[in-house]
Every structure is written in structure tokens, then in C-alpha cells.
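Enquirer: For reference, the file data_33.cif (mmCIF, C-alpha atoms) is included below:
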```
data_my_file
loop_
_atom_site.label_atom_id
_atom_site.label_comp_id
_atom_site.auth_asym_id
_atom_site.auth_seq_id
_atom_site.Cartn_x
_atom_site.Cartn_y
_atom_site.Cartn_z
CA MET A 1 40.03 3.76 -16.15
CA ILE A 2 39.57 7.29 -14.81
CA GLY A 3 39.58 8.66 -18.35
CA ARG A 4 36.88 6.23 -19.43
CA PHE A 5 34.76 7.16 -16.42
CA ARG A 6 35.14 10.85 -17.22
CA LEU A 7 34.07 10.13 -20.78
CA LEU A 8 30.96 8.28 -19.59
CA VAL A 9 30.05 11.11 -17.22
CA SER A 10 30.58 13.77 -19.88
CA GLU A 11 28.39 11.81 -22.31
CA ALA A 12 25.68 11.49 -19.67
CA VAL A 13 25.79 15.22 -18.89
CA ARG A 14 25.72 16.06 -22.60
CA SER A 15 22.71 13.79 -23.07
CA LEU A 16 20.91 15.40 -20.15
CA GLY A 17 21.50 18.85 -21.60
CA ALA A 18 20.56 17.84 -25.14
CA ASN A 19 17.32 16.20 -24.01
CA ILE A 20 16.32 18.70 -21.36
CA SER A 21 12.60 17.95 -21.62
CA ASN A 22 13.16 14.24 -21.03
CA THR A 23 15.57 15.06 -18.21
CA ILE A 24 13.01 17.24 -16.48
CA ALA A 25 10.32 14.59 -17.00
CA ALA A 26 12.50 11.85 -15.53
CA THR A 27 13.57 14.00 -12.57
CA LEU A 28 9.98 15.02 -11.82
CA THR A 29 8.93 11.39 -12.06
CA VAL A 30 11.56 10.45 -9.48
CA LEU A 31 10.55 13.48 -7.38
CA ILE A 32 6.91 12.42 -7.25
CA GLY A 33 7.75 8.77 -6.65
CA MET A 34 10.29 9.50 -3.90
CA PHE A 35 8.06 12.11 -2.26
CA LEU A 36 5.21 9.60 -2.07
CA LEU A 37 7.62 6.93 -0.87
CA GLY A 38 8.90 9.26 1.85
CA LEU A 39 5.34 10.01 2.97
CA LEU A 40 4.47 6.32 2.92
CA VAL A 41 7.56 5.36 4.93
CA SER A 42 7.00 8.10 7.51
CA LEU A 43 3.25 7.61 7.82
CA GLY A 44 3.49 3.83 7.63
CA THR A 45 6.15 3.53 10.33
CA TRP A 46 4.21 5.98 12.54
CA VAL A 47 1.02 3.94 12.18
CA ILE A 48 2.92 0.70 12.87
CA SER A 49 4.44 2.35 15.96
CA TRP A 50 0.96 3.40 17.06
CA SER A 51 -0.37 -0.14 16.59
CA ASP A 52 2.56 -1.50 18.63
CA HIS A 53 1.72 1.04 21.34
CA VAL A 54 -1.90 -0.09 21.39
CA LYS A 55 -0.85 -3.74 21.49
CA ARG A 56 1.40 -3.00 24.46
CA GLU A 57 -1.66 -1.76 26.33
CA LEU A 58 -3.38 -5.12 25.97
CA VAL A 59 -3.32 -6.77 29.39
CA ALA A 60 -5.08 -9.66 31.10
CA HIS A 61 -6.84 -9.00 34.41
CA VAL A 62 -7.13 -11.90 36.81
CA TYR A 63 -9.85 -11.16 39.39
CA PHE A 64 -9.99 -13.04 42.67
CA CYS A 65 -12.95 -13.77 44.90
CA THR A 66 -14.13 -11.09 47.30
CA PRO A 67 -14.94 -11.80 50.97
CA LEU A 68 -18.58 -11.28 50.00
CA PRO A 69 -21.21 -13.70 48.62
CA PRO A 70 -21.22 -15.68 46.37
CA CYS A 71 -17.55 -16.30 47.29
CA THR A 72 -17.60 -18.41 50.46
CA ARG A 73 -13.90 -19.26 50.46
CA TYR A 74 -11.44 -16.44 50.96
CA GLU A 75 -7.73 -17.07 51.05
CA THR A 76 -6.86 -14.41 48.52
CA PRO A 77 -3.51 -13.21 49.97
CA LYS A 78 -1.95 -16.68 49.66
CA GLU A 79 -3.62 -17.47 46.35
CA LEU A 80 -2.71 -14.06 44.99
CA ALA A 81 0.97 -14.61 45.77
CA LYS A 82 0.92 -18.14 44.34
CA ALA A 83 -0.78 -17.02 41.12
CA ARG A 84 1.74 -14.21 40.67
CA VAL A 85 4.67 -16.63 40.95
CA VAL A 86 3.06 -19.05 38.47
CA LEU A 87 2.30 -16.29 35.96
CA LEU A 88 5.81 -14.85 36.10
CA LYS A 89 7.17 -18.25 35.08
CA MET A 90 5.20 -18.16 31.80
CA ASP A 91 7.32 -17.35 28.74
CA GLU A 92 4.64 -15.02 27.35
CA VAL A 93 4.40 -12.88 30.49
CA LYS A 94 6.43 -9.69 30.85
CA THR A 95 5.27 -8.33 34.21
CA VAL A 96 2.60 -9.07 36.80
CA ARG A 97 1.24 -6.24 38.94
CA VAL A 98 -0.72 -6.87 42.12
CA ILE A 99 -3.73 -4.58 42.56
CA THR A 100 -5.23 -4.87 46.03
CA ARG A 101 -8.87 -4.18 46.84
CA VAL A 102 -7.88 -0.94 48.56
CA GLU A 103 -5.87 0.26 45.56
CA ALA A 104 -8.70 -0.69 43.17
CA LEU A 105 -11.24 1.27 45.22
CA ARG A 106 -8.93 4.27 45.45
CA GLU A 107 -8.46 4.22 41.67
CA MET A 108 -12.21 4.02 41.10
CA GLN A 109 -12.81 6.92 43.50
CA ARG A 110 -10.35 8.97 41.51
CA LYS A 111 -11.80 8.12 38.10
CA ASN A 112 -15.50 7.71 38.91
CA PRO A 113 -16.26 9.37 42.25
CA GLU A 114 -20.01 9.33 41.58
CA LEU A 115 -20.01 5.50 41.55
CA THR A 116 -18.33 5.19 44.95
CA LYS A 117 -20.14 7.97 46.82
CA ASN A 118 -22.65 5.81 48.74
CA LEU A 119 -20.71 2.58 49.15
CA SER A 120 -20.95 1.01 52.60
CA SER A 121 -18.12 -1.44 51.95
CA ASN A 122 -15.50 -2.23 49.34
CA PRO A 123 -17.03 -4.59 46.73
CA LEU A 124 -13.92 -4.73 44.55
CA PRO A 125 -11.69 -7.82 44.46
CA ASP A 126 -7.93 -8.20 44.58
CA SER A 127 -6.56 -8.71 41.09
CA LEU A 128 -3.46 -9.25 39.01
CA GLU A 129 -2.66 -7.15 35.96
CA VAL A 130 -0.69 -9.39 33.58
CA VAL A 131 1.30 -7.61 30.87
CA PRO A 132 2.34 -9.88 27.97
CA LYS A 133 5.66 -9.60 26.14
CA ARG A 134 3.68 -9.30 22.90
CA GLY A 135 0.12 -8.08 22.50
CA GLU A 136 -0.64 -11.21 20.49
CA ASP A 137 0.02 -13.37 23.59
CA VAL A 138 -2.72 -11.87 25.77
CA GLU A 139 -5.36 -14.41 24.70
CA ALA A 140 -3.00 -17.36 25.25
CA ILE A 141 -2.21 -16.10 28.76
CA ALA A 142 -5.91 -15.73 29.60
CA LYS A 143 -6.68 -19.24 28.36
CA ARG A 144 -3.76 -20.66 30.32
CA VAL A 145 -5.01 -19.03 33.53
CA GLU A 146 -8.52 -20.33 32.85
CA TYR A 147 -7.13 -23.84 32.47
CA LEU A 148 -5.13 -23.57 35.70
CA LYS A 149 -8.29 -22.34 37.43
CA ARG A 150 -10.46 -25.22 36.13
CA SER A 151 -7.83 -27.83 36.93
CA GLY A 152 -7.53 -26.58 40.50
CA GLN A 153 -3.86 -25.60 40.20
CA LEU A 154 -4.77 -21.98 40.98
CA GLY A 155 -7.52 -21.26 43.49
CA GLY A 156 -9.53 -18.21 44.46
CA ILE A 157 -9.83 -16.92 40.91
CA GLU A 158 -13.30 -15.69 40.01
CA LYS A 159 -12.74 -14.67 36.39
CA VAL A 160 -10.16 -13.67 33.79
CA ASN A 161 -10.77 -10.71 31.53
CA TYR A 162 -8.63 -9.47 28.65
CA GLY A 163 -11.20 -7.61 26.57
CA LYS A 164 -11.56 -10.43 24.05
CA THR A 165 -13.50 -8.52 21.40
CA THR A 166 -11.41 -5.36 21.69
CA ALA A 167 -8.13 -7.27 21.71
CA LYS A 168 -9.03 -9.21 18.57
CA LYS A 169 -10.07 -6.03 16.75
CA ILE A 170 -6.84 -4.27 17.73
CA LEU A 171 -4.68 -7.20 16.59
CA GLN A 172 -6.60 -7.50 13.31
CA ILE A 173 -6.23 -3.77 12.62
CA ALA A 174 -2.49 -3.97 13.39
CA LYS A 175 -2.03 -6.85 10.92
CA VAL A 176 -3.97 -4.97 8.21
CA ILE A 177 -1.86 -1.85 8.78
CA GLU A 178 1.41 -3.76 8.45
CA LEU A 179 0.18 -5.59 5.32
CA VAL A 180 -1.06 -2.39 3.65
CA PHE A 181 2.25 -0.65 4.42
CA LEU A 182 4.25 -3.51 2.89
CA ILE A 183 2.07 -3.80 -0.24
CA GLY A 184 1.95 -0.02 -0.71
CA THR A 185 5.73 0.29 -0.51
CA VAL A 186 6.31 -2.52 -3.01
CA LEU A 187 3.72 -1.17 -5.47
CA LEU A 188 5.10 2.35 -5.23
CA LEU A 189 8.66 1.17 -5.89
CA ILE A 190 7.54 -0.89 -8.89
CA SER A 191 5.45 1.94 -10.34
CA SER A 192 8.29 4.43 -9.84
CA ALA A 193 10.74 2.12 -11.62
CA LEU A 194 8.31 1.68 -14.53
CA LEU A 195 7.72 5.43 -14.83
CA ILE A 196 11.45 6.14 -14.82
CA ALA A 197 12.06 3.38 -17.37
CA ASN A 198 9.37 4.75 -19.70
CA THR A 199 10.71 8.29 -19.41
CA ILE A 200 14.30 7.28 -20.10
CA ARG A 201 13.13 5.02 -22.94
CA LEU A 202 12.13 8.16 -24.85
CA SER A 203 15.64 9.53 -24.45
CA ILE A 204 17.19 6.27 -25.59
CA PHE A 205 14.80 5.93 -28.52
CA SER A 206 15.76 9.37 -29.80
CA ARG A 207 19.41 8.24 -29.83
CA ARG A 208 18.92 4.73 -31.17
CA ARG A 209 20.85 5.52 -34.39
CA GLU A 210 23.80 6.72 -32.34
CA ILE A 211 23.69 3.52 -30.31
CA GLU A 212 23.62 1.39 -33.46
CA VAL A 213 26.67 3.23 -34.85
CA MET A 214 28.55 2.77 -31.57
CA LYS A 215 27.80 -0.95 -31.61
CA LEU A 216 28.86 -1.31 -35.23
CA VAL A 217 32.26 0.30 -34.58
CA GLY A 218 32.95 -2.15 -31.75
CA ALA A 219 31.70 -0.45 -28.56
CA THR A 220 30.92 -2.92 -25.76
CA ASN A 221 27.48 -3.17 -24.23
CA TRP A 222 28.67 -1.68 -20.94
CA PHE A 223 30.35 1.23 -22.72
CA VAL A 224 27.06 2.02 -24.48
CA ARG A 225 25.00 1.40 -21.36
CA GLY A 226 27.28 3.45 -19.08
CA PRO A 227 26.19 7.00 -20.03
CA PHE A 228 22.50 6.06 -19.80
CA MET A 229 22.95 4.46 -16.39
CA ILE A 230 24.82 7.54 -15.15
CA GLU A 231 22.04 9.64 -16.66
CA GLY A 232 19.51 7.60 -14.71
CA LEU A 233 21.61 7.93 -11.55
CA LEU A 234 21.75 11.71 -11.90
CA CYS A 235 18.00 11.93 -12.51
CA GLY A 236 17.40 9.60 -9.58
CA ILE A 237 19.60 11.51 -7.14
CA GLY A 238 18.23 14.86 -8.37
CA GLY A 239 14.62 13.80 -7.91
CA SER A 240 15.38 12.25 -4.51
CA VAL A 241 17.08 15.43 -3.27
CA LEU A 242 14.11 17.54 -4.36
CA ALA A 243 11.72 15.10 -2.67
CA ILE A 244 13.78 15.32 0.54
CA VAL A 245 13.61 19.13 0.41
CA LEU A 246 9.81 19.01 0.09
CA LEU A 247 9.55 16.52 2.95
CA LEU A 248 11.83 18.68 5.07
CA VAL A 249 9.63 21.73 4.43
CA GLY A 250 6.53 19.70 5.37
CA ARG A 251 8.29 18.40 8.48
CA GLN A 252 9.19 21.90 9.62
CA PHE A 253 5.89 23.65 8.93
CA ALA A 254 3.05 21.11 8.57
CA LEU A 255 4.00 18.41 11.10
CA PRO A 256 3.95 20.64 14.21
CA LYS A 257 0.34 21.58 13.38
CA ILE A 258 -0.76 17.99 12.77
CA LEU A 259 0.81 16.14 15.71
CA PRO A 260 -1.03 17.98 18.54
CA SER A 261 -4.39 17.04 17.04
CA LEU A 262 -3.43 13.34 17.04
CA GLY A 263 -2.89 13.30 20.79
CA THR A 264 -0.20 10.60 20.63
CA THR A 265 2.12 9.49 23.39
CA SER A 266 5.89 9.88 23.43
CA ASP A 267 6.55 6.24 22.46
CA VAL A 268 4.62 6.55 19.17
CA LYS A 269 7.15 7.71 16.63
CA ALA A 270 7.84 7.42 12.93
CA ILE A 271 11.17 6.33 11.57
CA SER A 272 13.89 8.98 12.00
CA PHE A 273 14.06 11.57 9.21
CA SER A 274 17.77 10.91 8.62
CA PHE A 275 17.01 7.25 7.94
CA THR A 276 14.19 8.26 5.61
CA VAL A 277 16.69 10.45 3.72
CA LEU A 278 19.03 7.48 3.28
CA ILE A 279 16.15 5.31 2.04
CA LEU A 280 15.08 7.90 -0.53
CA LEU A 281 18.62 8.53 -1.78
CA GLY A 282 19.28 4.80 -2.09
CA ALA A 283 15.93 4.13 -3.76
CA GLY A 284 16.43 7.03 -6.20
CA LEU A 285 19.87 5.78 -7.22
CA VAL A 286 18.74 2.17 -7.62
CA LEU A 287 15.56 3.03 -9.52
CA GLY A 288 17.34 5.50 -11.80
CA ALA A 289 20.14 3.10 -12.68
CA ALA A 290 17.85 0.09 -12.99
CA GLY A 291 15.29 1.96 -15.08
CA SER A 292 17.85 3.14 -17.62
CA GLY A 293 19.95 -0.03 -17.56
CA LEU A 294 17.03 -2.37 -18.20
CA THR A 295 15.44 -0.10 -20.81
CA ILE A 296 18.50 0.03 -23.03
CA ARG A 297 18.87 -3.75 -23.28
CA LYS A 298 16.66 -4.06 -26.36
CA PHE A 299 18.66 -1.35 -28.17
CA LEU A 300 21.95 -3.20 -27.64
CA LYS A 301 20.94 -6.03 -29.98
CA VAL A 302 22.40 -4.78 -33.26
#
```
Would you encode the structure as C-alpha cells?

Expert:
Amino acid sequence: MIGRFRLLVSEAVRSLGANISNTIAATLTVLIGMFLLGLLVSLGTWVISWSDHVKRELVAHVYFCTPLPPCTRYETPKELAKARVVLLKMDEVKTVRVITRVEALREMQRKNPELTKNLSSNPLPDSLEVVPKRGEDVEAIAKRVEYLKRSGQLGGIEKVNYGKTTAKKILQIAKVIELVFLIGTVLLLISSALLIANTIRLSIFSRRREIEVMKLVGATNWFVRGPFMIEGLLCGIGGSVLAIVLLLVGRQFALPKILPSLGTTSDVKAISFSFTVLILLGAGLVLGAAGSGLTIRKFLKV
């Protein structure tokens, strides 16, 4: 068994050396494909992480009546506590933060001091900041609170705001990003496999007479296919390693200059580079073996 494997490897190495131009073409094809795949995986996962970060910032604000007209009924402390308990029992709700009128005014004075300079009293209401478990749940939470308000189960609520237009745009953009990432990855893998198959087909075509002779003297399909699959594996791993080196160089020199301009937060991250390396090595091996193995099938029919 070991001797047969050595024979297959030696045949593959001999073929690579004898068809150096095809070998270089196949390796460069894998290099380009895996480099683009690495960029797509890194960029795609970063963008998805950014969209998740934005979705996490989607919150529903429940505003209560102020002790000023047109609100004639003011029992906010009790109603505020009751609403908080009810909201925390909802499956979609992650946390509920109470923002008192005093805290709201203090925050506005900090952010927009010019708007609060001449105020004679505090016009801001008490409110609840409702954080959903998923950004997609923010609209459902707002509608549920509106229903509880209309049905009289929760009193003192003046309005519910979750930035309807903005929230919908953010969620739509996030879905598009995830869909584009998925389609782009699939298309890139398919195109890489086809390019590798076409490149290795040239190598196999130049040796078709040799394959026919091997079949005529009794060689099995797997014995004939073996050297070409190993050849594809070597081209695949070689191209993947070169792509990883290029990505590593870009990560060390280009990325530090790009990230500061994006102004991202610490929780927005791409997939770890070590995991990207494993993906590229695995994809290079699979594409190389599959490209050569599938291509040679037509030449095995002698």
C-alpha cells in the first residue's frame, strides 16, 4: 500500500515537472481564486458583523405622559414600573432600561446644551429603553406595546418610537449583505473549480495516449486517476499557501491603515485569520482534487 502511494506521488511530481507551464497555470488559478475567496470571507464576515452591530443598536423607546398638558393624568412612577415588568416578560425583550425625566434632561444638556439653555421647566417624559434580543424583533415589540396601550393593559404611555423607517432600512440592508456574501462565495467556489478543471484538462489531454495505454494493460480507474488527483492536490495546496501569504502581507501592512478610517467599534470584527487559513487550505485541497478527478473521467472510458 505504501509502495503504491509512493508510486502515485512520484508520478504526480513527474507530471508536474514535465508540464511546468500547466502546473504554473493551475497554481496561479488556485492562487487567484483562493486570494479572492479569502478577501470575500474576511470582508463578508466583517460586513455581517457590522450589520449585526447596527441591528443590536435598534431599540424601542416607550415614552410616558409628562405632568404637563395635554397629559392630565400622571401616575408615571407606578405605570413605569408596571410596564417594565410586563416588557421583561416578553420573549423578544433582552433588557429594559428606565430613563427618568431628570436623566433625560441631563443627557440632552450634555449633547445639545443650546436646546436646554432657556428652559423654565423639564418638558421631557419618563421613558423605557427596550433592547430586543434580535434587531428583527424591535417592530414586534413596538406593536405589542401599542396594543397593550390601546387595550388599557398599560396606562400612562404617550407614544412608542422605534425609528420605523430607519429600522426597516437597516434590516433590509443586513439581509442584502448576507445574501450577497452567500451568493458571492458560492459563485467564486464554482468558478475556481471550473478554472482548475480546465487548466488540469490541458495536462490530462496531453497525456491521453499514456492513459489509454495504462487502461489497455489493465490499470484500474483509481490507479490512473490517482496521480492526477495528487497533482491537483499539490496545485491546490500550493496556490492556497501563496494566497495566504499575500493575505498575511495585506493584513500586516494594509489593514492597519484602512481600519482607522472606518471608525468601527470593538465588537465589529471579521472572522479570525487562523480560521480563514483553514478555510483556504481546505478549499484549495477540495477544489484541486475535485477539479482533476472530475476532469479525467471522460479519459477513463477506453

Enquirer: Go ahead and compute the interatomic distance for atom CA of A:Leu280 and atom CA of A:Pro227, in Å to one decimal.

Expert: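 Answer for the atom CA of A:Leu280 to atom CA of A:Pro227 separation: 22.5 Å.
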
Enquirer: Write out as an mmCIF file with C-alpha atoms, in the frame of the given file which residues come within 12 Å of A:Ile173 when counting all atoms listed in the file, dropping same-chain ones fewer than 3 positions away.

Expert:
```
data_model
loop_
_atom_site.group_PDB
_atom_site.id
_atom_site.type_symbol
_atom_site.label_atom_id
_atom_site.label_comp_id
_atom_site.auth_asym_id
_atom_site.auth_seq_id
_atom_site.Cartn_x
_atom_site.Cartn_y
_atom_site.Cartn_z
ATOM 1 C CA VAL A 47 1.020 3.940 12.180
ATOM 2 C CA ILE A 48 2.920 0.700 12.870
ATOM 3 C CA TRP A 50 0.960 3.400 17.060
ATOM 4 C CA SER A 51 -0.370 -0.140 16.590
ATOM 5 C CA ASP A 52 2.560 -1.500 18.630
ATOM 6 C CA VAL A 54 -1.900 -0.090 21.390
ATOM 7 C CA LYS A 55 -0.850 -3.740 21.490
ATOM 8 C CA THR A 166 -11.410 -5.360 21.690
ATOM 9 C CA ALA A 167 -8.130 -7.270 21.710
ATOM 10 C CA LYS A 168 -9.030 -9.210 18.570
ATOM 11 C CA LYS A 169 -10.070 -6.030 16.750
ATOM 12 C CA ILE A 170 -6.840 -4.270 17.730
ATOM 13 C CA VAL A 176 -3.970 -4.970 8.210
ATOM 14 C CA ILE A 177 -1.860 -1.850 8.780
ATOM 15 C CA GLU A 178 1.410 -3.760 8.450
ATOM 16 C CA LEU A 179 0.180 -5.590 5.320
ATOM 17 C CA VAL A 180 -1.060 -2.390 3.650
#
```

Enquirer: Given the file shown, determine the residues that the PyMOL selection byres ((chain A and resi 238-255) around 8) selects; report them as a ChimeraX atom specification.

Expert: /A:27-32,34-35,38-39,234-237,256-259,277,280-281,284

Enquirer: Would you put the residues from that selection into a file with C-alpha atoms, as a PDB file, in the coordinates of the input?

Expert:
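Saved to selection29.pdb:
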```pdb
ATOM      1  CA  THR A  27      13.570  14.000 -12.570  1.00  0.00           C
ATOM      2  CA  LEU A  28       9.980  15.020 -11.820  1.00  0.00           C
ATOM      3  CA  THR A  29       8.930  11.390 -12.060  1.00  0.00           C
ATOM      4  CA  VAL A  30      11.560  10.450  -9.480  1.00  0.00           C
ATOM      5  CA  LEU A  31      10.550  13.480  -7.380  1.00  0.00           C
ATOM      6  CA  ILE A  32       6.910  12.420  -7.250  1.00  0.00           C
ATOM      7  CA  MET A  34      10.290   9.500  -3.900  1.00  0.00           C
ATOM      8  CA  PHE A  35       8.060  12.110  -2.260  1.00  0.00           C
ATOM      9  CA  GLY A  38       8.900   9.260   1.850  1.00  0.00           C
ATOM     10  CA  LEU A  39       5.340  10.010   2.970  1.00  0.00           C
ATOM     11  CA  LEU A 234      21.750  11.710 -11.900  1.00  0.00           C
ATOM     12  CA  CYS A 235      18.000  11.930 -12.510  1.00  0.00           C
ATOM     13  CA  GLY A 236      17.400   9.600  -9.580  1.00  0.00           C
ATOM     14  CA  ILE A 237      19.600  11.510  -7.140  1.00  0.00           C
ATOM     15  CA  PRO A 256       3.950  20.640  14.210  1.00  0.00           C
ATOM     16  CA  LYS A 257       0.340  21.580  13.380  1.00  0.00           C
ATOM     17  CA  ILE A 258      -0.760  17.990  12.770  1.00  0.00           C
ATOM     18  CA  LEU A 259       0.810  16.140  15.710  1.00  0.00           C
ATOM     19  CA  VAL A 277      16.690  10.450   3.720  1.00  0.00           C
ATOM     20  CA  LEU A 280      15.080   7.900  -0.530  1.00  0.00           C
ATOM     21  CA  LEU A 281      18.620   8.530  -1.780  1.00  0.00           C
ATOM     22  CA  GLY A 284      16.430   7.030  -6.200  1.00  0.00           C
TER      23      GLY A 284
END
```

Enquirer: Which is closest to A:Leu124 among A:Ala104, A:Phe205, A:Ser21, A:Asn198, if we use only C-alpha atoms?

Expert: A:Ala104

Enquirer: Figure out the distance between atom CA of A:Arg97 and atom CA of A:Glu129, please, to one decimal in Å.

Expert: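 Separation between atom CA of A:Glu129 and atom CA of A:Arg97: 5.0 Å.
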
Enquirer: Near A:Val138, within 8 Å and counting only C-alpha atoms, which residues show up once chain neighbours fewer than 4 positions away are dropped, as a ChimeraX atom specification?

Expert: /A:58-60,131-132,134,142,162

Enquirer: In Å, rounded to a single decimal, give me how far atom CA of A:Asp137 is from atom CA of A:Glu92.

Expert: 6.2 Å

Enquirer: Using all atoms listed in the file, can you tell me which of A:Ser127, A:Lys82, A:Ser49, A:Lys89 comes closest to A:Arg101?

Expert: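 Smallest distance to A:Arg101 is found for A:Ser127.
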
Enquirer: Give me the result of the PyMOL selection byres ((chain A and resi 83) around 12) on this file, residue by residue, as a PyMOL selection string.

Expert: chain A and resi 62-64+76-82+84-90+96-98+126-130+144-146+148-149+152-157

Enquirer: When you look at A:Gly184 with a cut-off of 10 Å (counting only C-alpha atoms), what residues show up, excluding the ones that are within fewer than 3 positions of it in the same chain? I need them as a ChimeraX atom specification.

Expert: /A:37,40-41,44,178-181,187-190

Enquirer: Deliver the residues from the most recent selection as a file, using C-alpha atoms, as a PDB file, in the frame of the given file.

Expert:
```
ATOM      1  CA  LEU A  37       7.620   6.930  -0.870  1.00  0.00           C
ATOM      2  CA  LEU A  40       4.470   6.320   2.920  1.00  0.00           C
ATOM      3  CA  VAL A  41       7.560   5.360   4.930  1.00  0.00           C
ATOM      4  CA  GLY A  44       3.490   3.830   7.630  1.00  0.00           C
ATOM      5  CA  GLU A 178       1.410  -3.760   8.450  1.00  0.00           C
ATOM      6  CA  LEU A 179       0.180  -5.590   5.320  1.00  0.00           C
ATOM      7  CA  VAL A 180      -1.060  -2.390   3.650  1.00  0.00           C
ATOM      8  CA  PHE A 181       2.250  -0.650   4.420  1.00  0.00           C
ATOM      9  CA  LEU A 187       3.720  -1.170  -5.470  1.00  0.00           C
ATOM     10  CA  LEU A 188       5.100   2.350  -5.230  1.00  0.00           C
ATOM     11  CA  LEU A 189       8.660   1.170  -5.890  1.00  0.00           C
ATOM     12  CA  ILE A 190       7.540  -0.890  -8.890  1.00  0.00           C
TER      13      ILE A 190
END
```

Enquirer: Written as a ChimeraX atom specification, what is the full residue list that the PyMOL selection byres ((chain A and resi 272) around 12) yields on the file shown?

Expert: /A:38,41-43,45-46,251,268-271,273-279

Enquirer: Given the choices A:Leu202, A:Arg209, A:Asn112, A:Ala289, which gets closest to A:Gly226 if the distance is worked out from all atoms listed in the file?

Expert: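 Looking only at the distances to A:Gly226, the closest residue turns out to be A:Ala289.
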
Enquirer: Which residue out of A:Ser120, A:Leu36, A:Glu103, A:Cys65 has the minimum interatomic distance to A:Ser191 when all atoms listed in the file are used?

Expert: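 Of A:Ser120, A:Leu36, A:Glu103, A:Cys65, the one nearest A:Ser191 is A:Leu36, counting all atoms listed in the file.
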